[in-house]
Amino acid sequence: MPSTIATSKPPPVGHVKQPSSDGLQNSTRQSRSKNRTLIGPVVATFPLASSLPQILCGLSVPVDTNDPSVTMQYSVHICPRQMRRELELVFPDVVGRKDELIVIPTFQRTQTSMVSYAVETQTEKDAKLHQFYRWAGELVSRLRKHGYWADVTDPMSGMALFTTCGPSLYPDVEGAEVLLRYAPLNLGMCFVLLHPQWGTHVYPATAFTLAPASVVQQTLDEMQCA
């Protein structure tokens with residue numbers, strides 16, 4: 001994913017980040033004792049509707065609707081203090097309300113290693129991206145119906161997907177390191193996400209909201225029963 005939030009050229013498909021000396025990476029080790037996980041991590045399966053949520057209809061990329069469900073690991077966190085200012089640069093809509101921000105990192109297990117450049121890997125990345133879009137569209141739509149701001153960052157770019165884009169990008173790899181202590185794998189010129197159980201067979205993506213954790217959990221529970 002994008003390296004620290006200020007980068008302007010994201011690496012491929014959200015799984016690789018370039019080494020950096022500022023932003024989230026600088027603050028990762030400082031956050032380990034301050035992290036506040038509210039829910040999870042939990043692995044759950046969510047049914048996916050055959051029709052797209054209305055919020056996805058404005059995307060410029062066609063979203064495949066063949067998969068009937070998505071299985072992912074998710075957790076819910078109070079946004080750590082050192083991430084708040086940088087996330088205001090990703091989501092200008094949360095300026096002044098960053099203390100209420102909730103971060104929901106998600107991970108889909110993959111059959112292929114996401115560091116591979118094989119055709120099979122790219123095909124699987126596309127499938128996981130579309131599954132995340134559909135899950136995210138449903139989550140954001142439901143939270144908005146409850147009256148709460150919500151958005152996700154696009155795994156392809158690190159930019160806000162449904163709301164106003166700020167000048168910065170969100171790095172899923174560093175976010176997982178800060179929130180869940182998932183140490184990235186150093187490949188020399190770049191880092192890749194290393195899941196503690198799945199290794200590099202993982203597709204990360206992240207959601208954000210100003211809804212209380214109780215509303216987030218209720219919404220996720222309802223989505224699993226849809």
# chains A, B, ... in the order shown; residues from 1 in each chain; ligands from 1
call {"tool": "closest_atom_pairs", "arguments": {"of": "segment 86-153 of chain A", "to": "segment 192-203 of chain A", "cutoff": "8 Å", "atoms": "only C-alpha atoms", "output": "JSON lines"}}
result
{"residue": "A:Phe107", "atom": "CA", "partner": "A:Tyr203", "partner_atom": "CA", "distance": 5.4}
{"residue": "A:Gln108", "atom": "CA", "partner": "A:Tyr203", "partner_atom": "CA", "distance": 5.0}
{"residue": "A:Arg109", "atom": "CA", "partner": "A:Val202", "partner_atom": "CA", "distance": 4.6}
{"residue": "A:Thr110", "atom": "CA", "partner": "A:His201", "partner_atom": "CA", "distance": 4.8}
{"residue": "A:Gln111", "atom": "CA", "partner": "A:His201", "partner_atom": "CA", "distance": 6.4}
{"residue": "A:Thr112", "atom": "CA", "partner": "A:His201", "partner_atom": "CA", "distance": 5.8}
{"residue": "A:Ser113", "atom": "CA", "partner": "A:His201", "partner_atom": "CA", "distance": 4.4}
{"residue": "A:Met114", "atom": "CA", "partner": "A:His201", "partner_atom": "CA", "distance": 5.8}
{"residue": "A:Val115", "atom": "CA", "partner": "A:Thr200", "partner_atom": "CA", "distance": 6.9}
{"residue": "A:Lys125", "atom": "CA", "partner": "A:Tyr203", "partner_atom": "CA", "distance": 7.4}
{"residue": "A:Lys128", "atom": "CA", "partner": "A:Tyr203", "partner_atom": "CA", "distance": 7.0}
call {"tool": "residues_around", "arguments": {"residues": "Leu48 of chain A", "least_positions_apart": "2", "cutoff": "8 Å", "atoms": "only C-alpha atoms", "output": "number ranges by chain"}}
result
A: 46, 50, 67-70, 134-135
call {"tool": "write_last_selection", "arguments": {"atoms": "C-alpha atoms", "output": "PDB file, in the first residue's frame"}}
result
ATOM      1  CA  PHE A  46     -20.612 -11.894   5.203  1.00  0.00           C
ATOM      2  CA  SER A  50     -26.371  -9.856  -5.943  1.00  0.00           C
ATOM      3  CA  ASP A  67     -19.156 -14.047  -5.399  1.00  0.00           C
ATOM      4  CA  PRO A  68     -22.060 -14.725  -2.988  1.00  0.00           C
ATOM      5  CA  SER A  69     -20.058 -13.976   0.183  1.00  0.00           C
ATOM      6  CA  VAL A  70     -16.770 -12.748   1.582  1.00  0.00           C
ATOM      7  CA  ARG A 134     -19.168  -4.740  -2.034  1.00  0.00           C
ATOM      8  CA  TRP A 135     -18.664  -5.337   1.704  1.00  0.00           C
TER       9      TRP A 135
END
call {"tool": "closest_residue", "arguments": {"among": "A:Leu129, A:His77, A:Thr153, A:Gly166", "to": "Ala211 of chain A", "atoms": "only C-alpha atoms"}}
result
A:His77
call {"tool": "closest_residue", "arguments": {"among": "A:Gln218, A:Thr37, A:Ser60, A:Thr71", "to": "Leu143 of chain A", "atoms": "only C-alpha atoms"}}
result
A:Gln218
call {"tool": "residues_around", "arguments": {"residues": "Gly147 of chain A", "least_positions_apart": "4", "cutoff": "12 Å", "atoms": "only C-alpha atoms", "output": "list of chain:residue names"}}
result
A:Val140, A:Ser141, A:Arg142, A:Leu143, A:Thr209, A:Leu210, A:Ala211, A:Pro212, A:Val215
call {"tool": "write_last_selection", "arguments": {"atoms": "all heavy atoms", "output": "CSV table (one decimal), in the first residue's frame"}}
result
chain,number,residue,atom,x,y,z
A,140,VAL,N,-20.7,1.0,4.8
A,140,VAL,CA,-20.8,2.5,4.8
A,140,VAL,C,-22.3,2.9,4.6
A,140,VAL,O,-22.7,3.9,5.3
A,140,VAL,CB,-19.9,3.1,3.7
A,140,VAL,CG1,-20.2,4.6,3.5
A,140,VAL,CG2,-18.4,2.8,4.0
A,141,SER,N,-23.0,2.3,3.8
A,141,SER,CA,-24.4,2.6,3.6
A,141,SER,C,-25.2,2.4,4.9
A,141,SER,O,-26.0,3.3,5.2
A,141,SER,CB,-25.0,1.8,2.5
A,141,SER,OG,-24.4,2.0,1.2
A,142,ARG,N,-25.0,1.3,5.6
A,142,ARG,CA,-25.8,1.1,6.8
A,142,ARG,C,-25.4,2.1,7.9
A,142,ARG,O,-26.3,2.6,8.6
A,142,ARG,CB,-25.5,-0.3,7.3
A,142,ARG,CG,-26.2,-1.4,6.4
A,142,ARG,CD,-25.7,-2.8,6.8
A,142,ARG,NE,-26.4,-3.8,6.1
A,142,ARG,CZ,-27.4,-4.6,6.6
A,142,ARG,NH1,-27.9,-4.4,7.8
A,142,ARG,NH2,-28.0,-5.5,5.8
A,143,LEU,N,-24.1,2.4,8.0
A,143,LEU,CA,-23.7,3.3,9.1
A,143,LEU,C,-24.2,4.7,8.8
A,143,LEU,O,-24.6,5.5,9.7
A,143,LEU,CB,-22.2,3.4,9.2
A,143,LEU,CG,-21.5,2.1,9.8
A,143,LEU,CD1,-20.0,2.2,9.7
A,143,LEU,CD2,-22.0,1.9,11.2
A,209,THR,N,-14.9,5.1,10.5
A,209,THR,CA,-16.2,5.7,10.9
A,209,THR,C,-16.1,6.5,12.1
A,209,THR,O,-15.2,6.4,12.9
A,209,THR,CB,-17.2,4.6,11.0
A,209,THR,OG1,-18.5,5.2,11.2
A,209,THR,CG2,-16.9,3.7,12.2
A,210,LEU,N,-17.1,7.4,12.3
A,210,LEU,CA,-17.3,8.1,13.5
A,210,LEU,C,-18.4,7.5,14.4
A,210,LEU,O,-18.8,8.1,15.4
A,210,LEU,CB,-17.6,9.6,13.2
A,210,LEU,CG,-16.5,10.4,12.5
A,210,LEU,CD1,-17.0,11.8,12.1
A,210,LEU,CD2,-15.3,10.5,13.4
A,211,ALA,N,-18.9,6.4,14.0
A,211,ALA,CA,-19.9,5.7,14.8
A,211,ALA,C,-19.3,5.1,16.0
A,211,ALA,O,-18.1,4.6,16.0
A,211,ALA,CB,-20.6,4.6,13.9
A,212,PRO,N,-20.0,4.9,17.1
A,212,PRO,CA,-19.5,4.3,18.3
A,212,PRO,C,-19.3,2.8,18.0
A,212,PRO,O,-19.9,2.2,17.1
A,212,PRO,CB,-20.7,4.4,19.3
A,212,PRO,CG,-21.5,5.5,18.8
A,212,PRO,CD,-21.4,5.5,17.3
A,215,VAL,N,-22.4,0.5,17.8
A,215,VAL,CA,-23.1,0.6,16.5
A,215,VAL,C,-22.4,-0.1,15.4
A,215,VAL,O,-23.0,-0.8,14.6
A,215,VAL,CB,-23.3,2.1,16.1
A,215,VAL,CG1,-24.0,2.2,14.7
A,215,VAL,CG2,-24.2,2.8,17.2
call {"tool": "residues_around", "arguments": {"residues": "Ile78 of chain A", "least_positions_apart": "5", "cutoff": "7 Å", "atoms": "only C-alpha atoms", "output": "PyMOL selection string"}}
result
chain A and resi 36-37+101-103
call {"tool": "select_by_dssp", "arguments": {"residues": "segment 10-201 of chain A", "states": "strand (DSSP E)", "output": "JSON, numbers by chain"}}
result
{"A": [16, 17, 36, 37, 38, 39, 40, 41, 42, 43, 44, 45, 46, 47, 69, 70, 71, 72, 73, 74, 75, 76, 77, 78, 102, 103, 104, 105, 106, 107, 108, 109, 150, 151, 152, 185, 186, 191, 192]}
